[in-house]
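What follows is the content of start22.pdb (PDB, C-alpha atoms).
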ATOM      1  CA  MET A  96      95.808 130.685 168.594
ATOM      2  CA  SER A  97      98.649 130.268 171.013
ATOM      3  CA  ALA A  98      98.594 132.414 174.051
ATOM      4  CA  GLN A  99     101.782 134.300 174.851
ATOM      5  CA  SER A 100     102.758 135.637 178.182
ATOM      6  CA  SER A 101     103.246 139.352 178.467
ATOM      7  CA  ASP A 102     106.976 138.833 179.228
ATOM      8  CA  GLY A 103     107.362 136.605 176.189
ATOM      9  CA  ALA A 104     110.163 134.093 175.617
ATOM     10  CA  ASP A 105     113.418 135.908 176.193
ATOM     11  CA  PRO A 106     116.296 133.685 175.082
ATOM     12  CA  ASP A 107     119.864 134.748 175.779
ATOM     13  CA  LEU A 108     121.338 135.414 172.341
ATOM     14  CA  THR A 109     124.831 136.250 173.566
ATOM     15  CA  PRO A 110     126.384 132.769 173.001
ATOM     16  CA  ILE A 111     125.002 132.508 169.475
ATOM     17  CA  LEU A 112     126.291 136.001 168.719
ATOM     18  CA  ASP A 113     129.710 135.005 170.040
ATOM     19  CA  MET A 114     129.747 131.937 167.837
ATOM     20  CA  VAL A 115     128.650 133.868 164.757
ATOM     21  CA  PHE A 116     131.356 136.461 165.306
ATOM     22  CA  GLN A 117     133.936 133.716 165.625
ATOM     23  CA  LEU A 118     132.760 132.221 162.343
ATOM     24  CA  ILE A 119     132.888 135.638 160.667
ATOM     25  CA  THR A 120     136.414 136.144 161.967
ATOM     26  CA  PHE A 121     137.435 132.760 160.554
ATOM     27  CA  PHE A 122     136.003 133.468 157.107
ATOM     28  CA  MET A 123     137.472 136.975 157.065
ATOM     29  CA  LEU A 124     140.904 135.536 157.715
ATOM     30  CA  VAL A 125     140.765 132.778 155.127
ATOM     31  CA  ILE A 126     138.920 134.601 152.361
ATOM     32  CA  ASN A 127     140.964 135.215 149.246
ATOM     33  CA  PHE A 128     139.452 137.569 146.714
ATOM     34  CA  LYS A 129     142.226 136.785 144.241
ATOM     35  CA  GLY A 130     140.768 133.299 143.977
ATOM     36  CA  ALA A 131     138.042 134.755 141.768
ATOM     37  CA  SER A 132     140.623 135.334 139.056
ATOM     38  CA  LEU A 133     141.452 131.626 138.944
ATOM     39  CA  ASP A 134     139.363 129.574 136.574
ATOM     40  CA  GLN A 135     138.623 126.454 138.595
ATOM     41  CA  SER A 136     137.320 124.558 135.589
ATOM     42  CA  LEU A 137     140.829 124.264 134.143
ATOM     43  CA  GLN A 138     142.659 121.014 134.618
ATOM     44  CA  LEU A 139     146.198 122.081 135.298
ATOM     45  CA  PRO A 140     149.101 119.734 134.654
ATOM     46  CA  VAL A 141     150.823 118.171 137.631
ATOM     47  CA  LEU A 142     154.405 119.124 138.288
ATOM     48  CA  GLY A 143     156.179 118.039 141.449
ATOM     49  CA  SER A 144     158.843 120.719 141.194
ATOM     50  CA  ALA A 145     156.375 123.615 140.923
ATOM     51  CA  ARG A 146     156.858 126.158 143.669
ATOM     52  CA  PRO A 147     154.603 128.901 145.031
ATOM     53  CA  LEU A 148     154.927 132.150 143.143
ATOM     54  CA  GLU A 149     157.119 134.567 145.060
ATOM     55  CA  TRP A 150     156.317 137.904 143.535
ATOM     56  CA  LYS A 151     157.050 140.973 145.594
ATOM     57  CA  GLY A 152     156.957 143.599 142.865
ATOM     58  CA  ASP A 153     154.894 146.761 142.993
ATOM     59  CA  TYR A 154     152.668 145.711 140.132
ATOM     60  CA  GLU A 155     150.272 142.806 139.897
ATOM     61  CA  PRO A 156     151.211 139.924 137.586
ATOM     62  CA  LEU A 157     149.074 139.449 134.505
ATOM     63  CA  MET A 158     146.864 136.416 135.099
ATOM     64  CA  LEU A 159     145.683 134.505 132.042
ATOM     65  CA  ASN A 160     143.495 131.395 132.124
ATOM     66  CA  VAL A 161     143.698 129.461 128.867
ATOM     67  CA  ASP A 162     141.252 126.631 128.266
ATOM     68  CA  ASN A 163     141.840 123.629 126.033
ATOM     69  CA  GLU A 164     140.462 125.488 123.027
ATOM     70  CA  GLY A 165     142.894 128.337 123.474
ATOM     71  CA  ARG A 166     140.345 130.824 124.805
ATOM     72  CA  VAL A 167     141.596 133.294 127.377
ATOM     73  CA  LYS A 168     139.390 133.773 130.401
ATOM     74  CA  VAL A 169     139.695 136.596 132.885
ATOM     75  CA  PHE A 170     137.476 136.479 135.962
ATOM     76  CA  GLY A 171     135.415 133.796 134.232
ATOM     77  CA  VAL A 172     134.774 135.869 131.125
ATOM     78  CA  VAL A 173     136.205 134.969 127.727
ATOM     79  CA  VAL A 174     138.177 137.925 126.407
ATOM     80  CA  LEU A 175     139.849 138.706 123.131
ATOM     81  CA  ALA A 176     143.465 137.836 123.937
ATOM     82  CA  GLU A 177     145.039 140.304 121.505
ATOM     83  CA  LYS A 178     143.127 143.287 122.875
ATOM     84  CA  PHE A 179     143.271 142.286 126.520
ATOM     85  CA  ILE A 180     147.038 141.694 126.623
ATOM     86  CA  ALA A 181     147.758 144.874 124.646
ATOM     87  CA  ASP A 182     145.516 146.903 126.971
ATOM     88  CA  GLN A 183     147.140 145.451 130.076
ATOM     89  CA  ALA A 184     150.627 146.159 128.733
ATOM     90  CA  ALA A 185     149.644 149.719 127.789
ATOM     91  CA  ASP A 186     148.196 150.324 131.259
ATOM     92  CA  LEU A 187     151.344 148.999 132.890
ATOM     93  CA  LYS A 188     153.589 151.162 130.735
ATOM     94  CA  LYS A 189     151.444 154.153 131.641
ATOM     95  CA  GLU A 190     151.741 153.313 135.335
ATOM     96  CA  LEU A 191     155.503 152.967 135.014
ATOM     97  CA  ARG A 192     155.731 156.375 133.355
ATOM     98  CA  THR A 193     153.548 157.910 136.058
ATOM     99  CA  ALA A 194     155.806 156.404 138.708
ATOM    100  CA  GLY A 195     158.753 158.130 137.025
ATOM    101  CA  GLU A 196     160.292 154.952 135.700
ATOM    102  CA  SER A 197     161.413 154.893 132.117
ATOM    103  CA  ALA A 198     159.321 152.427 130.184
ATOM    104  CA  PRO A 199     161.589 149.415 129.782
ATOM    105  CA  LYS A 200     161.666 147.286 126.670
ATOM    106  CA  GLU A 201     160.880 144.272 128.821
ATOM    107  CA  LEU A 202     158.027 144.697 131.277
ATOM    108  CA  PRO A 203     159.046 143.986 134.865
ATOM    109  CA  VAL A 204     155.945 141.931 135.603
ATOM    110  CA  PRO A 205     155.409 138.208 135.111
ATOM    111  CA  VAL A 206     152.568 136.651 133.188
ATOM    112  CA  VAL A 207     150.901 133.892 135.177
ATOM    113  CA  LEU A 208     149.786 131.336 132.616
ATOM    114  CA  ARG A 209     147.161 128.888 133.835
ATOM    115  CA  VAL A 210     146.759 126.562 130.913
ATOM    116  CA  ASP A 211     144.608 123.448 130.694
ATOM    117  CA  LYS A 212     146.784 120.365 130.430
ATOM    118  CA  GLY A 213     145.104 119.230 127.210
ATOM    119  CA  THR A 214     145.706 122.476 125.318
ATOM    120  CA  ARG A 215     147.679 122.032 122.110
ATOM    121  CA  PHE A 216     151.014 123.778 121.795
ATOM    122  CA  HIS A 217     150.098 126.087 118.921
ATOM    123  CA  LEU A 218     147.271 127.589 121.002
ATOM    124  CA  VAL A 219     149.554 128.185 123.989
ATOM    125  CA  ASN A 220     152.316 129.509 121.768
ATOM    126  CA  HIS A 221     149.920 132.032 120.262
ATOM    127  CA  ILE A 222     149.244 133.481 123.716
ATOM    128  CA  ILE A 223     152.941 133.454 124.642
ATOM    129  CA  LYS A 224     153.815 135.282 121.422
ATOM    130  CA  LEU A 225     151.138 137.897 122.080
ATOM    131  CA  CYS A 226     152.644 138.515 125.495
ATOM    132  CA  GLN A 227     156.170 138.728 124.103
ATOM    133  CA  GLU A 228     155.087 141.164 121.398
ATOM    134  CA  ASN A 229     153.735 143.417 124.147
ATOM    135  CA  GLY A 230     156.946 143.305 126.175
ATOM    136  CA  TYR A 231     156.298 140.509 128.656
ATOM    137  CA  VAL A 232     159.234 138.107 128.993
ATOM    138  CA  GLN A 233     158.805 136.733 132.492
ATOM    139  CA  PHE A 234     156.388 133.849 132.647
ATOM    140  CA  SER A 235     155.108 131.800 135.488
ATOM    141  CA  LEU A 236     153.532 128.538 134.374
ATOM    142  CA  SER A 237     150.938 127.225 136.813
ATOM    143  CA  ALA A 238     150.725 123.581 137.738
ATOM    144  CA  MET A 239     149.316 121.486 140.529
ATOM    145  CA  THR A 240     152.018 120.496 142.952
ATOM    146  CA  GLY A 241     150.989 116.976 143.875
ATOM    147  CA  LYS A 242     149.574 113.849 142.319
ATOM    148  CA  GLY A 243     145.835 113.529 142.395
ATOM    149  CA  GLU A 244     145.439 117.262 141.966
ATOM    150  CA  GLY A 245     144.246 118.862 138.804
ATOM    151  CA  GLY A 246     141.818 116.154 137.927
ATOM    152  CA  ASN A 247     142.032 113.514 135.279
TER
ATOM    153  CA  MET B  49     142.834 149.749 203.695
ATOM    154  CA  SER B  50     141.075 148.328 200.904
ATOM    155  CA  ARG B  51     137.880 149.728 199.953
ATOM    156  CA  ARG B  52     135.378 147.211 199.048
ATOM    157  CA  ARG B  53     133.456 148.083 196.005
ATOM    158  CA  HIS B  54     130.027 146.858 195.743
ATOM    159  CA  ARG B  55     128.676 146.676 192.341
ATOM    160  CA  ARG B  56     125.267 148.024 192.413
ATOM    161  CA  ARG B  57     123.139 146.299 190.041
ATOM    162  CA  ASN B  58     119.690 146.998 189.116
ATOM    163  CA  LYS B  59     117.600 143.990 189.684
ATOM    164  CA  ASN B  60     116.374 144.109 186.136
ATOM    165  CA  GLY B  61     119.841 144.938 184.713
ATOM    166  CA  VAL B  62     120.479 146.723 181.441
ATOM    167  CA  LYS B  63     119.160 144.612 178.659
ATOM    168  CA  LEU B  64     120.619 145.149 175.240
ATOM    169  CA  ASN B  65     118.598 144.028 172.325
ATOM    170  CA  VAL B  66     121.123 141.964 170.407
ATOM    171  CA  THR B  67     118.666 140.750 167.798
ATOM    172  CA  ALA B  68     119.595 143.444 165.278
ATOM    173  CA  MET B  69     123.278 142.794 165.779
ATOM    174  CA  LEU B  70     122.686 139.070 165.354
ATOM    175  CA  ASP B  71     120.805 139.718 162.110
ATOM    176  CA  MET B  72     123.684 141.725 160.775
ATOM    177  CA  ALA B  73     126.212 139.132 161.917
ATOM    178  CA  PHE B  74     124.270 136.401 160.141
ATOM    179  CA  GLN B  75     124.204 138.445 156.971
ATOM    180  CA  LEU B  76     127.953 138.928 157.142
ATOM    181  CA  LEU B  77     128.385 135.238 157.821
ATOM    182  CA  ALA B  78     126.211 134.336 154.836
ATOM    183  CA  PHE B  79     128.283 136.635 152.620
ATOM    184  CA  PHE B  80     131.565 135.104 153.704
ATOM    185  CA  ILE B  81     130.263 131.554 153.357
ATOM    186  CA  LEU B  82     128.911 132.204 149.870
ATOM    187  CA  THR B  83     132.056 133.941 148.628
ATOM    188  CA  PHE B  84     134.435 131.479 150.255
ATOM    189  CA  ARG B  85     136.463 129.461 147.815
ATOM    190  CA  ALA B  86     139.252 127.249 149.072
ATOM    191  CA  ALA B  87     142.533 128.236 147.437
ATOM    192  CA  PRO B  88     143.864 125.439 145.202
ATOM    193  CA  ILE B  89     147.313 124.076 145.893
ATOM    194  CA  GLU B  90     149.051 125.539 142.883
ATOM    195  CA  GLY B  91     152.702 125.883 142.130
ATOM    196  CA  HIS B  92     154.525 127.792 139.440
ATOM    197  CA  LEU B  93     157.449 127.279 137.152
ATOM    198  CA  SER B  94     159.065 130.661 136.654
ATOM    199  CA  LEU B  95     160.886 131.209 133.393
ATOM    200  CA  ASN B  96     162.384 133.966 131.374
ATOM    201  CA  MET B  97     160.990 133.459 127.893
ATOM    202  CA  PRO B  98     162.419 135.960 125.442
ATOM    203  CA  PRO B  99     161.216 135.817 121.849
ATOM    204  CA  PRO B 100     162.897 133.001 119.923
ATOM    205  CA  ILE B 101     165.883 133.606 117.692
ATOM    206  CA  PRO B 102     164.971 133.173 114.043
ATOM    207  CA  GLN B 103     166.474 129.940 112.897
ATOM    208  CA  THR B 104     167.531 129.363 109.340
ATOM    209  CA  ASP B 105     170.154 126.667 109.620
ATOM    210  CA  VAL B 106     169.888 124.014 112.276
ATOM    211  CA  GLU B 107     173.433 122.819 111.958
ATOM    212  CA  THR B 108     174.900 126.269 112.370
ATOM    213  CA  THR B 109     175.081 127.235 115.993
ATOM    214  CA  GLN B 110     173.615 130.642 116.564
ATOM    215  CA  THR B 111     174.870 133.010 119.139
ATOM    216  CA  VAL B 112     173.219 135.583 121.309
ATOM    217  CA  GLY B 113     174.535 138.371 123.471
ATOM    218  CA  THR B 114     177.478 139.227 121.254
ATOM    219  CA  GLU B 115     176.541 142.752 120.316
ATOM    220  CA  GLY B 116     178.810 145.471 121.598
ATOM    221  CA  ASN B 117     180.712 143.504 124.211
ATOM    222  CA  SER B 118     183.664 141.231 124.433
ATOM    223  CA  ALA B 119     181.971 138.621 126.593
ATOM    224  CA  PRO B 120     182.121 135.062 125.305
ATOM    225  CA  ALA B 121     179.367 134.205 122.853
ATOM    226  CA  LEU B 122     176.420 132.428 124.424
ATOM    227  CA  HIS B 123     174.641 129.808 122.411
ATOM    228  CA  ALA B 124     171.079 128.654 122.207
ATOM    229  CA  LEU B 125     170.692 124.908 122.521
ATOM    230  CA  HIS B 126     168.064 123.533 120.176
ATOM    231  CA  LEU B 127     165.643 120.792 121.085
ATOM    232  CA  PHE B 128     163.106 119.411 118.646
ATOM    233  CA  VAL B 129     159.951 117.744 119.864
ATOM    234  CA  THR B 130     157.582 115.876 117.588
ATOM    235  CA  SER B 131     154.232 114.588 118.712
ATOM    236  CA  THR B 132     151.628 111.994 117.904
ATOM    237  CA  GLU B 133     148.109 112.919 116.803
ATOM    238  CA  ALA B 134     146.980 112.365 120.400
ATOM    239  CA  GLY B 135     149.386 115.041 121.550
ATOM    240  CA  ASP B 136     151.932 112.782 123.249
ATOM    241  CA  VAL B 137     155.638 113.096 122.610
ATOM    242  CA  ALA B 138     156.794 111.000 119.671
ATOM    243  CA  GLN B 139     160.452 111.964 119.628
ATOM    244  CA  VAL B 140     162.824 114.407 121.281
ATOM    245  CA  ARG B 141     165.922 115.431 119.359
ATOM    246  CA  LEU B 142     168.897 117.353 120.628
ATOM    247  CA  GLU B 143     170.126 119.139 117.532
ATOM    248  CA  SER B 144     170.128 116.115 115.181
ATOM    249  CA  ASN B 145     170.453 113.331 117.779
ATOM    250  CA  VAL B 146     167.386 111.479 119.040
ATOM    251  CA  ILE B 147     167.548 111.485 122.834
ATOM    252  CA  ALA B 148     164.084 110.148 123.641
ATOM    253  CA  ALA B 149     161.261 108.434 121.842
ATOM    254  CA  GLY B 150     157.731 107.593 122.901
ATOM    255  CA  ARG B 151     155.706 108.856 125.830
ATOM    256  CA  LEU B 152     157.472 110.817 128.512
ATOM    257  CA  THR B 153     157.927 108.718 131.631
ATOM    258  CA  PRO B 154     159.974 109.676 134.692
ATOM    259  CA  ALA B 155     162.757 107.429 133.372
ATOM    260  CA  THR B 156     162.675 109.106 129.949
ATOM    261  CA  LEU B 157     162.762 112.539 131.525
ATOM    262  CA  ALA B 158     165.679 111.533 133.735
ATOM    263  CA  GLY B 159     167.463 110.316 130.588
ATOM    264  CA  ILE B 160     166.907 113.654 128.856
ATOM    265  CA  GLY B 161     168.234 115.413 131.940
ATOM    266  CA  ARG B 162     171.360 113.253 131.862
ATOM    267  CA  ARG B 163     171.947 114.132 128.207
ATOM    268  CA  LEU B 164     171.467 117.849 128.754
ATOM    269  CA  GLY B 165     173.399 118.132 132.015
ATOM    270  CA  PRO B 166     176.963 117.842 130.643
ATOM    271  CA  LEU B 167     176.211 120.320 127.855
ATOM    272  CA  PHE B 168     175.458 123.051 130.341
ATOM    273  CA  SER B 169     177.986 122.238 133.026
ATOM    274  CA  ALA B 170     180.937 122.052 130.582
ATOM    275  CA  ARG B 171     183.363 124.907 131.144
ATOM    276  CA  ASN B 172     184.181 125.568 127.514
ATOM    277  CA  VAL B 173     180.653 125.629 126.151
ATOM    278  CA  LEU B 174     178.304 128.271 127.335
ATOM    279  CA  TYR B 175     174.632 127.953 126.608
ATOM    280  CA  ASP B 176     172.406 130.512 128.159
ATOM    281  CA  ARG B 177     169.089 129.388 126.777
ATOM    282  CA  ILE B 178     167.219 126.478 125.340
ATOM    283  CA  GLN B 179     165.148 126.912 122.238
ATOM    284  CA  ILE B 180     162.541 124.225 121.801
ATOM    285  CA  GLU B 181     160.967 123.648 118.435
ATOM    286  CA  VAL B 182     157.680 121.992 119.175
ATOM    287  CA  ASP B 183     155.097 120.168 117.096
ATOM    288  CA  ARG B 184     151.903 122.219 117.075
ATOM    289  CA  ASN B 185     149.860 119.254 118.296
ATOM    290  CA  LEU B 186     151.810 118.590 121.478
ATOM    291  CA  ARG B 187     149.718 118.782 124.632
ATOM    292  CA  TYR B 188     150.698 121.406 127.177
ATOM    293  CA  GLU B 189     151.033 118.767 129.891
ATOM    294  CA  GLU B 190     153.787 116.995 127.959
ATOM    295  CA  LEU B 191     155.499 120.259 127.087
ATOM    296  CA  LEU B 192     155.586 121.337 130.716
ATOM    297  CA  LYS B 193     157.430 118.143 131.666
ATOM    298  CA  LEU B 194     160.120 118.967 129.116
ATOM    299  CA  ILE B 195     160.328 122.580 130.232
ATOM    300  CA  ASP B 196     160.775 121.361 133.786
ATOM    301  CA  VAL B 197     163.748 119.183 132.791
ATOM    302  CA  CYS B 198     165.276 122.043 130.805
ATOM    303  CA  SER B 199     164.834 124.608 133.556
ATOM    304  CA  GLN B 200     166.558 122.334 136.067
ATOM    305  CA  GLN B 201     169.837 122.344 134.105
ATOM    306  CA  LYS B 202     172.658 124.197 135.803
ATOM    307  CA  GLN B 203     175.257 126.404 134.204
ATOM    308  CA  PRO B 204     178.933 126.168 135.264
ATOM    309  CA  ASP B 205     178.381 128.974 137.771
ATOM    310  CA  GLY B 206     175.592 126.954 139.403
ATOM    311  CA  LYS B 207     172.773 129.097 138.102
ATOM    312  CA  SER B 208     169.772 127.425 136.530
ATOM    313  CA  ILE B 209     168.991 127.841 132.861
ATOM    314  CA  GLY B 210     166.134 130.231 133.182
ATOM    315  CA  LYS B 211     165.708 131.140 129.532
ATOM    316  CA  VAL B 212     163.529 128.985 127.349
ATOM    317  CA  SER B 213     162.063 129.924 123.980
ATOM    318  CA  PHE B 214     159.544 128.120 121.835
ATOM    319  CA  VAL B 215     159.138 127.844 118.121
ATOM    320  CA  GLU B 216     156.333 126.066 116.353
ATOM    321  CA  MET B 217     157.655 123.272 114.195
ATOM    322  CA  GLN B 218     156.947 123.706 110.502
ATOM    323  CA  ARG B 219     155.336 120.628 108.976
TER
END
Now, as a test, write the supplied structure out as structure tokens.
Amino acid sequence: MSAQSSDGADPDLTPILDMVFQLITFFMLVINFKGASLDQSLQLPVLGSARPLEWKGDYEPLMLNVDNEGRVKVFGVVVLAEKFIADQAADLKKELRTAGESAPKELPVPVVLRVDKGTRFHLVNHIIKLCQENGYVQFSLSAMTGKGEGGN
Amino acid sequence: MSRRRHRRRNKNGVKLNVTAMLDMAFQLLAFFILTFRAAPIEGHLSLNMPPPIPQTDVETTQTVGTEGNSAPALHALHLFVTSTEAGDVAQVRLESNVIAAGRLTPATLAGIGRRLGPLFSARNVLYDRIQIEVDRNLRYEELLKLIDVCSQQKQPDGKSIGKVSFVEMQR
């Protein structure tokens, strides 16, 4: 058994606390909770002319992740596209009515489509048509901005 | 006259027990580290994609935006894209003219852009949208390259063609 003095070891924890708080501050500043809605397993196409999405509307864009089998994923969970898009559109129309705006024929919110680069057209077109049927006409197609991104 | 202030300090000082605070700080740090996910460098191609106009006769130019106003009729330019089984572009047709064949390379895309450019910048012809009829097998990556070329076309007033519609090609 090790003997311990009555005073005990009394290290000064202030520097380590300072460092930990600095680290916490750093992570608080760079954390992005919206990143959870992005399906990182998708291999997006590369497009040099793609620009960051500049959306300053009052309502959040509808984010859809479409894998190469045409499945729609939201926050990592596969959802039934028909039901999900219809529900989102209905909620938005309800919000617009609550805000006193007349429900427009075309919804004033873009759909952010994150589609795997290997997805066949008919699968993508099915999702686009579902969105159009529910009043979405603005689309924002996601792509990686530089070569070497998006995987091969 | 300045009054010199002597800070009286207890020899033992006031000792705060920072252990509990450090525990909490470490827990917060662990949370932020575990939930941290570097944001990918993503860009977007923003488009207005209204539902396509039903097409019955390819040779007959269809018009949009003519209801109830005297503004000049705006046409939809039709592109047809066929694909190979692997999902690459086999052929791109502008109405009935083949404007590209084989895989899309930067040179091919530039060629398509050169063919489309004069059609949109001409003063007497006004297209306000491009309707692309696409083979169901085409890969999204290839399609996006074509959409990019189309969306870069400028109208006579300098505005980009922002409207693109898709139709699945009937086999």
Fewer than 2 positions away in the same chain doesn't count, so skip those; otherwise give me all residues within 10 Å of stretch 78-82 of chain B, counting all atoms listed in the file, as a CSV table (one decimal) with C-alpha atoms, keeping the file's coordinate frame.
chain,number,residue,atom,x,y,z
A,118,LEU,CA,132.8,132.2,162.3
A,119,ILE,CA,132.9,135.6,160.7
A,120,THR,CA,136.4,136.1,162.0
A,121,PHE,CA,137.4,132.8,160.6
A,122,PHE,CA,136.0,133.5,157.1
A,123,MET,CA,137.5,137.0,157.1
A,125,VAL,CA,140.8,132.8,155.1
A,126,ILE,CA,138.9,134.6,152.4
B,72,MET,CA,123.7,141.7,160.8
B,73,ALA,CA,126.2,139.1,161.9
B,74,PHE,CA,124.3,136.4,160.1
B,75,GLN,CA,124.2,138.4,157.0
B,76,LEU,CA,128.0,138.9,157.1
B,84,PHE,CA,134.4,131.5,150.3
B,85,ARG,CA,136.5,129.5,147.8
Please find the residues of chain B near chain A - the criterion being any atom within 9 Å, counting only C-alpha atoms - and write them as a short mmCIF file (atom, residue, chain, number, x, y, z; two decimals) with C-alpha atoms, in the frame of the given file.
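Now in result.cif:
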data_model
loop_
_atom_site.label_atom_id
_atom_site.label_comp_id
_atom_site.auth_asym_id
_atom_site.auth_seq_id
_atom_site.Cartn_x
_atom_site.Cartn_y
_atom_site.Cartn_z
CA VAL B 66 121.12 141.96 170.41
CA THR B 67 118.67 140.75 167.80
CA MET B 69 123.28 142.79 165.78
CA LEU B 70 122.69 139.07 165.35
CA ALA B 73 126.21 139.13 161.92
CA PHE B 74 124.27 136.40 160.14
CA LEU B 76 127.95 138.93 157.14
CA LEU B 77 128.38 135.24 157.82
CA ALA B 78 126.21 134.34 154.84
CA PHE B 80 131.56 135.10 153.70
CA ILE B 81 130.26 131.55 153.36
CA THR B 83 132.06 133.94 148.63
CA PHE B 84 134.44 131.48 150.26
CA ARG B 85 136.46 129.46 147.82
CA ALA B 86 139.25 127.25 149.07
CA ALA B 87 142.53 128.24 147.44
CA PRO B 88 143.86 125.44 145.20
CA ILE B 89 147.31 124.08 145.89
CA GLU B 90 149.05 125.54 142.88
CA GLY B 91 152.70 125.88 142.13
CA HIS B 92 154.52 127.79 139.44
CA LEU B 93 157.45 127.28 137.15
CA SER B 94 159.06 130.66 136.65
CA LEU B 95 160.89 131.21 133.39
CA ASN B 96 162.38 133.97 131.37
CA MET B 97 160.99 133.46 127.89
CA PRO B 98 162.42 135.96 125.44
CA PRO B 99 161.22 135.82 121.85
CA GLY B 135 149.39 115.04 121.55
CA VAL B 182 157.68 121.99 119.18
CA ASP B 183 155.10 120.17 117.10
CA ARG B 184 151.90 122.22 117.08
CA ASN B 185 149.86 119.25 118.30
CA LEU B 186 151.81 118.59 121.48
CA ARG B 187 149.72 118.78 124.63
CA TYR B 188 150.70 121.41 127.18
CA GLU B 189 151.03 118.77 129.89
CA GLU B 190 153.79 117.00 127.96
CA LEU B 191 155.50 120.26 127.09
CA LEU B 192 155.59 121.34 130.72
CA LYS B 193 157.43 118.14 131.67
CA ASP B 196 160.78 121.36 133.79
CA PHE B 214 159.54 128.12 121.84
CA VAL B 215 159.14 127.84 118.12
CA GLU B 216 156.33 126.07 116.35
#
Exercise. Mind pulling up the distance from atom CA of A:Asp134 to atom CA of A:Asp182?
Worked result: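 Between atom CA of A:Asp182 and atom CA of A:Asp134 the gap is 20.7 Å.
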Exercise. Just so the selection is clear, what residues does the PyMOL selection byres ((chain A and resi 168-179) around 7) cover here, as a ChimeraX atom specification?
Worked result: /A:131-134,159-161,166-167,180-183,225
Exercise. Which distance in Å separates atom CA of B:Thr156 and atom CA of B:Asp205, to one decimal?
Worked result: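 Pair atom CA of B:Thr156 / atom CA of B:Asp205 returns 26.5 Å.
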Exercise. If you count all atoms listed in the file, which residues fall within 10 Å of B:Ala148, apart from same-chain ones fewer than 4 positions away, as a PyMOL selection string?
Worked result: chain B and resi 129+137-142+152+156-157+159-160+163
N, CA, C and O atoms are what I want for stretch 204-215 of chain A; can you complete it accordingly and write them as a short mmCIF file (atom, residue, chain, number, x, y, z; two decimals), in the coordinates of the input?
data_model
loop_
_atom_site.label_atom_id
_atom_site.label_comp_id
_atom_site.auth_asym_id
_atom_site.auth_seq_id
_atom_site.Cartn_x
_atom_site.Cartn_y
_atom_site.Cartn_z
N VAL A 204 157.06 142.62 134.95
CA VAL A 204 155.94 141.93 135.60
C VAL A 204 155.77 140.56 134.94
O VAL A 204 155.82 140.46 133.71
N PRO A 205 155.59 139.52 135.74
CA PRO A 205 155.41 138.21 135.11
C PRO A 205 153.98 137.99 134.62
O PRO A 205 153.04 138.60 135.12
N VAL A 206 153.88 137.11 133.65
CA VAL A 206 152.57 136.65 133.19
C VAL A 206 152.32 135.29 133.84
O VAL A 206 153.14 134.39 133.70
N VAL A 207 151.24 135.18 134.58
CA VAL A 207 150.90 133.89 135.18
C VAL A 207 150.01 133.16 134.18
O VAL A 207 148.88 133.58 133.93
N LEU A 208 150.54 132.09 133.62
CA LEU A 208 149.79 131.34 132.62
C LEU A 208 149.18 130.10 133.26
O LEU A 208 149.90 129.20 133.69
N ARG A 209 147.87 130.08 133.33
CA ARG A 209 147.16 128.89 133.84
C ARG A 209 146.53 128.23 132.61
O ARG A 209 145.51 128.69 132.11
N VAL A 210 147.18 127.19 132.16
CA VAL A 210 146.76 126.56 130.91
C VAL A 210 146.26 125.15 131.18
O VAL A 210 146.88 124.40 131.95
N ASP A 211 145.14 124.80 130.57
CA ASP A 211 144.61 123.45 130.69
C ASP A 211 145.62 122.45 130.14
O ASP A 211 146.27 122.71 129.12
N LYS A 212 145.72 121.31 130.81
CA LYS A 212 146.78 120.36 130.43
C LYS A 212 146.58 119.75 129.04
O LYS A 212 147.53 119.26 128.44
N GLY A 213 145.36 119.82 128.52
CA GLY A 213 145.10 119.23 127.21
C GLY A 213 145.25 120.21 126.06
O GLY A 213 145.05 119.85 124.90
N THR A 214 145.60 121.45 126.37
CA THR A 214 145.71 122.48 125.32
C THR A 214 146.88 122.17 124.38
O THR A 214 147.96 121.82 124.84
N ARG A 215 146.62 122.31 123.09
CA ARG A 215 147.68 122.03 122.11
C ARG A 215 148.70 123.17 122.09
O ARG A 215 148.34 124.33 122.33
#
